[in-house]
Amino acid sequence: MVFSPELTRAYRHNLNGSSLERGATQLEVKDVSLRFGGVQALEDVSLAVRQGGIHAVIGPNGAGKTSLLNCISGLYRPQRGSIALQNGKRHELTKARPSRIAKWGVARSFQNIELFKHMTVLDNLMLGRHTHMRHNVLTALLYWGPAERQEIRERELVEEVVDFLELQAFRKQEVGRLSYGFQKRVELGRALCIQPAVLVLDEPMAGMNTEEKEDMARFILDVNELAGVTVVLIEHDMGVVMDISDRVTVLDFGRVIADGEPAQVSSDPAVIEAYLGEQRAA
Amino acid sequence: MSPASEPTTFPKLLAGLAERYGDRRVALQEKRFGIWQPITWGAYHRRVRQFAHGLASLGFERDATLAILGDNRPEWVIAELAAQSLGGRSVGLYPDGVVDEIHHVLDHAGVRIVVCEDQEQVDKLIALRAGGRLATVEHIVSYDPRGLASYAVDLLVAFDELERRGAELEVERPGWLDAEVAAGRASDTAILCTTSGTTGKPKLAMLSHENLLWMGSSLMSVDPIGRDDEYVSFLPLAWIGEQMVSIACGLQAGFTLSFPEDAATVRADMREVGPRVMFSPPRIWESLLSMVQVRLSDAGWLKRKTFAAGQAIGARAADRRLSGRRLGPGLAVAHAVAELVALRPVRNQLGLTRVRRAYTGGAPLGPDVFRFFHSIGVNLKQIYGQTEICGIAVIHSDDAIRFNTVGFGIPGTDVKIGDHGEILLRSPAVFGGYYRNDEATAEALRDGWLHTGDAGYLDEDGQLVVIDRAKDVMEAADGTVFSPAFIENKLKFSPYVEEAVVFGGGERPHVAAMVSIDMETVGTWAERKKLNYTTYTDLAQKPEVYALVAEAVARANDDLPETMRVQRFVLLHKQLDADDEELTRTRKVRRGTISTRYGEIIRALYGEDETVTISSVVAYQDGSTTSREISLRIASTNGVDTPSRELTGARG
């Protein structure tokens with residue numbers, strides 16, 4: 001009797017696109033400065049994201065959190081400094097186009113959902129595989145030969161993401177008709193489909209009710225713990241940040257004012273002054 | 001197949017099917033990754049054998065009990081059949097059960113090996129172990145590895161690992177398992193099945209292969225089921241109803257058993273499969289009806305009118321058909337048109353297009369719901385039975401379906417009415433007794449008759465009419481006897497009412513009801529009315545919602561005799577929940593728990609006040625509690641006009 005590998009329910013695809021050891025520096029931001037005319041958005045920002053961690057970037061409104069994320073994903077070009085991604089070899093992100101950075105393994109979601117609203121959940125997720133597709137327009141049009149085989153192969157991975165994020169009931173639904181919480185989950189799914197080395201999430205829980213937040217927090221933890229994907233996230237909900245992240249960087253007026261473990265950071269006087277104190281006063 | 005066919009066991013039947021169909025026909029299919037993943041009879045048999053060898057390597061022996069805790073998946077039935085192959089039996093646990101319930105069954109049945117689905121279930125057992133309450137369990141077998149990689153629990157072994165080990169053992173000792181299977185007798189206990197336990201802790205009924213197979217073949221002699229009759233298994237396999245069709249009928253008929261992908265996709269998956277046979281408890285039919293009602297109220301007027309007209313024609317046709325008369329030419333034409341434009345499309349939406357026979361059982365179904373399904377052309381039949389008689393004992397025959405009866409005993413079943421109007425049943429399907437509970441067994445089994453504890457009578461045609469649980473039957477002030485369930489079902493016909501508990505009889509001067517609203521339908525209704533609300537409690541206490549439910553109560557009262565009418569009702573601040581022991585796992589109301597827990601509210605229902613204040617206590621896992629005061633309105637139904645009768649219910 002031959003044992004068949006189909007017996008197992010374990011996933012066949014690894015969603016983690018990084019081959020680094022756990023704990024090694026995956027993404028290194030060094031002395032990054034970004035200016036828009038007279039506005040200094042980021043000033044000498046440095047931080048190191050380790051493989052396998054959840055790294056939160058927090059700070060008051062206008063502190064430069066999203067600017068930093070945009071520099072990482074190549075939407076902004078900082079005037080000074082370097083951002084290096086270790087994936088196979090060292091990639092310098094400050095000089096590269098966003099599409100290239102995505103190919104290197106940086107996937108992100110946006111504060112305002114950026115999905116194709118009139119396409120189905122599946123189609124949106126399949127787009128996450130786009131960077132991995134090799135076939136040309138003609139074969140794709142005919143859905144023939146290598147195009148067909150590749151589409152099926154990619155769909156297998158997408159289906160594992162559907163299973164992972166419990167989106168089975170929504171596969172064929174138009175994204176625009178889903179609730180906000182589910183759209184956020186689809187966006188997370190699309191980023192996962194890239195098989196990222198680093199998953200960058202811009203306020204994944206903004207505007208959610210408690211139940212949706214709990215779901216999202218659980219999925220982020222699953223992505224990190226079960227799939228082993230490194231996560232960088234911006235989040236306003238301090239409770240969530242302190243609960244799920246293992247490293248926190250605090251920005252204020254474009255500068256890093258604290259960096260460390262959640263407990264350490266939350267007791268830092270500078271942080272309380274700049275951020276938590278402001279909330280308490282409010 | 002006749003009831004007289006050779007008594008055998010499930011593993012023997014499986015071997016026969018594997019031999020006959022090999023890899024040519026599909027035995028089980030589960031939707032995973034968006035695709036139906038088939039397991040042929042040959043593969044099913046192989047996996048059962050391998051797993052059986054694996055179980056044996058863990059020390060599972062003849063007469064041992066294997067507990068299975070998880071959703072409906074191929075592994076569930078593979079584990080069950082493997083245990084039976086070794087001469088043992090399985091006991092199913094409800095996957096949503098809390099640790100105390102699981103502990104009760106594991107402890108009582110002396111279970112040494114538990115098959116668990118996933119991390120969620122494994123965590124429950126770990127919690128039990130941490131509390132020192134997992135005394136008998138030696139091995140936990142899990143088939144979904146997600147999240148378990150980091151678990152360093154010595155008890156834990158992977159299902160596929162055990163199958164692989166079993167495959168090796170099979171090579172080492174060929175023929176061993178065949179001998180084990182051959183040694184199995186039809187009179188061996190095949191499953192321990194938990195009773196619903198409306199009154200106390202669930203008991204474990206011992207059902208033999210013989211019991212179950214006899215019931216299956218007797219049922220199929222009335223309503224034949226063939227190998228092409230697809231069946232979707234989505235209700236808990238721990239429930240007798242699911243065991244009965246999936247296993248007892250399935251292994252005799254050889255049809256394909258389909259497992260949906262996820263609880264949320266059941267309806268869509270069902271439409272894809274297009275089952276020919278369906279068996280569900282009333283709540284499923286009620287929720288299907290609610291879905292139609294809600295969709296209709298969201299539809300345009302043309303669709304509403306078309307459906308209302310079509311359904312009226314369908315109802316007339318159904319009345320004639322059920323009373324054995326033929327449709328006249330006029331009605332036949334009208335019905336054909338209605339079928340085309342209104343009825344078939346609705347059946348299609350519900351995934352019921354191919355259903356030849358649909359059954360409801362486990363609890364009484366309201367006549368209005370019954371009528372609705374027949375009017376849209378679903379051949380819905382009531383079954384009556386108990387876990388103790390393998391689920392089905394009495395069933396409607398196709399040509400004599402009446403909404404207030406449950407039909408005739410299946411061939412070989414004797415039905416009689418005992419003292420105090422108690423229904424007594426006798427057949428080869430009657431169980432062997434409760435596991436390790438002789439006292440309860442002696443109570444239920446007397447002189448070969450199963451004492452059901454249900455009150456009922458036989459009507460002039462010999463059809464059985466079930467009134468209610470004997471202890472629940474109430475006597476009104478004027479001496480008339482009535483069933484609270486009957487009134488509750490009337491109330492539950494409204495899509496806005498999720499659960500209703502009726503009080504009355506004895507000292508109580510009138511009938512009163514405690515109602516919990518359906519958050520989804522009432523929520524949608526409120527949104528349409530632009531009514532703001534925050535929580536369930538908040539929504540339930542809106543005067544507008546009270547008015548909405550008052551209409552439903554008034555409509556129910558319309559059909560009821562004076563003494564049975566609901567005079568006062570309250571909308572509960574929470575949904576009734578099985579986790580709070582207010583419902584059984586099969587969602588039957590536990591009257592005892594409810595009467596003590598909500599004593600204050602019940603007293604207020606019979607008082608004068610228009611509000612009652614209760615304190616709601618929430619207990620946390622760490623032992624701390626919080627309590628808050630909640631004020632509930634009590635409404636009287638006097639002076640509420642009955643709204644026009646339209647299926648879509650009260651429209652704002």
# chains A, B, ... in the order shown; residues from 1 in each chain; ligands from 1
>>> closest_atom_pairs(of="region 219-245 of chain A", to="region 40-62 of chain A", cutoff="8 Å", atoms="only C-alpha atoms", output="CSV")
residue,atom,partner,partner_atom,distance
A:Asn224,CA,A:Gly52,CA,6.7
A:Glu225,CA,A:Gly52,CA,7.8
A:Gly228,CA,A:Gly52,CA,5.7
A:Val229,CA,A:Gly52,CA,5.8
A:Thr230,CA,A:Gly52,CA,4.6
A:Val231,CA,A:Ile54,CA,4.7
A:Val232,CA,A:His55,CA,4.7
A:Leu233,CA,A:Ala56,CA,4.8
A:Ile234,CA,A:Val57,CA,4.9
A:Glu235,CA,A:Ile58,CA,6.2
A:His236,CA,A:Ile58,CA,6.8
A:Val241,CA,A:Ala56,CA,6.6
A:Ile244,CA,A:Ile54,CA,7.3
A:Ser245,CA,A:Ile54,CA,4.8
>>> select_by_dssp(residues="region 27-224 of chain A", states="strand (DSSP E or B)", output="PyMOL selection string")
chain A and resi 27-36+39-50+54-58+80-87+89-92+106-109+120+174+198-202
>>> write_last_selection(atoms="C-alpha atoms", output="JSON list (two decimals), in the first residue's frame")
[["chain", "number", "residue", "atom", "x", "y", "z"],
["A", 27, "LEU", "CA", 14.50, 45.13, 5.80],
["A", 28, "GLU", "CA", 16.85, 47.87, 6.84],
["A", 29, "VAL", "CA", 15.84, 51.52, 6.68],
["A", 30, "LYS", "CA", 18.87, 53.75, 7.16],
["A", 31, "ASP", "CA", 18.96, 57.52, 7.62],
["A", 32, "VAL", "CA", 16.01, 58.12, 5.32],
["A", 33, "SER", "CA", 14.97, 61.72, 4.80],
["A", 34, "LEU", "CA", 12.03, 62.81, 2.72],
["A", 35, "ARG", "CA", 11.04, 66.41, 2.00],
["A", 36, "PHE", "CA", 8.08, 67.87, 0.15],
["A", 39, "VAL", "CA", 7.83, 70.10, 4.70],
["A", 40, "GLN", "CA", 10.21, 67.64, 6.26],
["A", 41, "ALA", "CA", 8.17, 64.43, 6.19],
["A", 42, "LEU", "CA", 10.93, 62.09, 7.34],
["A", 43, "GLU", "CA", 14.22, 63.01, 8.92],
["A", 44, "ASP", "CA", 17.05, 60.51, 9.34],
["A", 45, "VAL", "CA", 14.70, 57.62, 9.97],
["A", 46, "SER", "CA", 16.39, 54.30, 10.69],
["A", 47, "LEU", "CA", 14.87, 51.02, 11.68],
["A", 48, "ALA", "CA", 15.48, 47.32, 11.16],
["A", 49, "VAL", "CA", 12.73, 44.79, 10.51],
["A", 50, "ARG", "CA", 13.58, 41.24, 11.45],
["A", 54, "ILE", "CA", 5.50, 41.86, 13.50],
["A", 55, "HIS", "CA", 6.92, 45.35, 13.46],
["A", 56, "ALA", "CA", 4.54, 48.20, 14.22],
["A", 57, "VAL", "CA", 5.13, 51.80, 13.24],
["A", 58, "ILE", "CA", 3.09, 54.19, 15.33],
["A", 80, "ARG", "CA", 18.63, 60.82, 1.33],
["A", 81, "GLY", "CA", 19.25, 57.46, 2.91],
["A", 82, "SER", "CA", 18.83, 53.85, 1.89],
["A", 83, "ILE", "CA", 16.26, 51.10, 2.29],
["A", 84, "ALA", "CA", 17.67, 47.64, 1.81],
["A", 85, "LEU", "CA", 15.71, 44.43, 1.44],
["A", 86, "GLN", "CA", 17.47, 41.12, 2.01],
["A", 87, "ASN", "CA", 15.84, 38.52, -0.16],
["A", 89, "LYS", "CA", 20.53, 39.22, -2.28],
["A", 90, "ARG", "CA", 20.53, 42.83, -1.14],
["A", 91, "HIS", "CA", 18.02, 45.00, -3.02],
["A", 92, "GLU", "CA", 18.13, 48.79, -2.74],
["A", 106, "VAL", "CA", 7.43, 43.62, -0.67],
["A", 107, "ALA", "CA", 3.64, 43.40, -0.67],
["A", 108, "ARG", "CA", 1.37, 46.02, 0.81],
["A", 109, "SER", "CA", -2.18, 46.98, 1.58],
["A", 120, "THR", "CA", -14.57, 39.23, -8.01],
["A", 174, "GLU", "CA", -17.81, 41.39, -6.53],
["A", 198, "VAL", "CA", 7.71, 41.52, 3.85],
["A", 199, "LEU", "CA", 4.03, 42.27, 4.20],
["A", 200, "VAL", "CA", 3.39, 45.97, 4.68],
["A", 201, "LEU", "CA", -0.04, 46.88, 6.08],
["A", 202, "ASP", "CA", -1.21, 50.46, 6.30]]
>>> residues_around(residues="Tyr457 (chain B)", least_positions_apart="4", cutoff="7 Å", atoms="only C-alpha atoms", output="tab-separated table (two decimals) with C-alpha atoms, in the first residue's frame")
chain	number	residue	atom	x	y	z
B	417	ILE	CA	-50.69	4.78	22.77
B	421	GLY	CA	-51.50	9.28	26.04
B	464	LEU	CA	-49.88	9.34	14.42
B	465	VAL	CA	-50.33	12.82	15.80
B	466	VAL	CA	-47.63	14.02	18.17
>>> closest_residue(among="A:Lys95, A:Lys213, A:His130, A:Arg149", to="Cys193 (chain A)", atoms="only C-alpha atoms")
A:His130
>>> closest_atom_pairs(of="chain B", to="chain A", cutoff="12 Å", atoms="only C-alpha atoms", output="tab-separated table")
residue	atom	partner	partner_atom	distance
B:Lys31	CA	A:Gln168	CA	10.1
B:Arg32	CA	A:Asp163	CA	8.2
B:Phe33	CA	A:Glu159	CA	5.0
B:Gly34	CA	A:Glu159	CA	7.0
B:Ile35	CA	A:Glu159	CA	9.6
B:Gln37	CA	A:Glu6	CA	10.3
B:Pro38	CA	A:Glu6	CA	11.4
B:Ile39	CA	A:Leu7	CA	10.8
B:Ala43	CA	A:Ser4	CA	10.6
B:Tyr44	CA	A:Leu7	CA	11.4
B:Arg46	CA	A:Met1	CA	8.7
B:Arg47	CA	A:Leu7	CA	9.0
B:Arg49	CA	A:Met1	CA	10.6
B:Gln50	CA	A:Met1	CA	8.9
B:Phe51	CA	A:Leu7	CA	11.3
B:Arg73	CA	A:Arg9	CA	11.3
B:Pro74	CA	A:Leu7	CA	10.6
B:Glu75	CA	A:Leu7	CA	9.7
B:Ile78	CA	A:Leu7	CA	12.0
B:Glu117	CA	A:Arg9	CA	10.5
B:Asp118	CA	A:Arg9	CA	10.3
B:Ser142	CA	A:Arg9	CA	10.3
B:Tyr143	CA	A:Arg9	CA	6.9
B:Asp144	CA	A:Arg9	CA	5.6
B:Pro145	CA	A:Ala10	CA	6.0
B:Arg146	CA	A:Ala10	CA	6.7
B:Gly147	CA	A:Leu226	CA	6.0
B:Leu148	CA	A:Leu226	CA	9.0
B:Ala149	CA	A:Leu226	CA	8.3
B:Ser150	CA	A:Leu226	CA	9.2
B:Ala158	CA	A:Thr8	CA	8.9
B:Phe159	CA	A:Thr8	CA	8.0
B:Asp160	CA	A:Thr8	CA	5.6
B:Glu161	CA	A:Thr8	CA	8.6
B:Leu162	CA	A:Leu7	CA	10.6
B:Glu163	CA	A:Phe3	CA	8.1
B:Arg164	CA	A:Phe3	CA	5.9
B:Arg165	CA	A:Phe3	CA	9.3
B:Gly166	CA	A:Met1	CA	9.6
B:Ala167	CA	A:Met1	CA	5.9
B:Glu168	CA	A:Met1	CA	7.5
B:Leu169	CA	A:Met1	CA	9.8
B:Glu170	CA	A:Met1	CA	7.8
B:Val171	CA	A:Met1	CA	7.2
B:Glu172	CA	A:Met1	CA	10.8
B:Pro174	CA	A:Met1	CA	11.1
B:Pro260	CA	A:Gln168	CA	10.6
B:Glu261	CA	A:Gln168	CA	7.5
B:Asp262	CA	A:Gln168	CA	7.2
B:Ala263	CA	A:Ala169	CA	8.9
B:Ala264	CA	A:Ala169	CA	5.8
B:Thr265	CA	A:Ala169	CA	5.1
B:Val266	CA	A:Ala169	CA	8.9
B:Arg267	CA	A:Ala169	CA	9.7
B:Ala268	CA	A:Ala169	CA	8.1
B:Asp269	CA	A:Ala169	CA	9.6
B:Thr534	CA	A:Asn209	CA	11.4
>>> atom_distance(atom1="CA of Gly391 (chain B)", atom2="CA of Trp36 (chain B)")
29.3 Å
>>> closest_residue(among="B:His104, B:Ala635, B:Gly523, B:Val481", to="Gly607 (chain B)", atoms="only C-alpha atoms")
B:Ala635
>>> residues_around(residues="Leu165 (chain A)", least_positions_apart="6", cutoff="9 Å", atoms="only C-alpha atoms", output="number ranges by chain")
A: 185-186, 188-189, 219
>>> write_last_selection(atoms="C-alpha atoms", output="PDB file, in the first residue's frame")
ATOM      1  CA  ARG A 185      -9.382  40.936   4.340  1.00  0.00           C
ATOM      2  CA  VAL A 186      -9.368  40.547   0.566  1.00  0.00           C
ATOM      3  CA  LEU A 188      -4.620  41.280   2.880  1.00  0.00           C
ATOM      4  CA  GLY A 189      -5.215  38.189   0.768  1.00  0.00           C
ATOM      5  CA  PHE A 219      -5.537  36.761  10.667  1.00  0.00           C
TER       6      PHE A 219
END
>>> closest_residue(among="A:Val175, A:Ala102, A:Asp268, A:Asp237", to="Val250 (chain A)", atoms="only C-alpha atoms")
A:Asp268
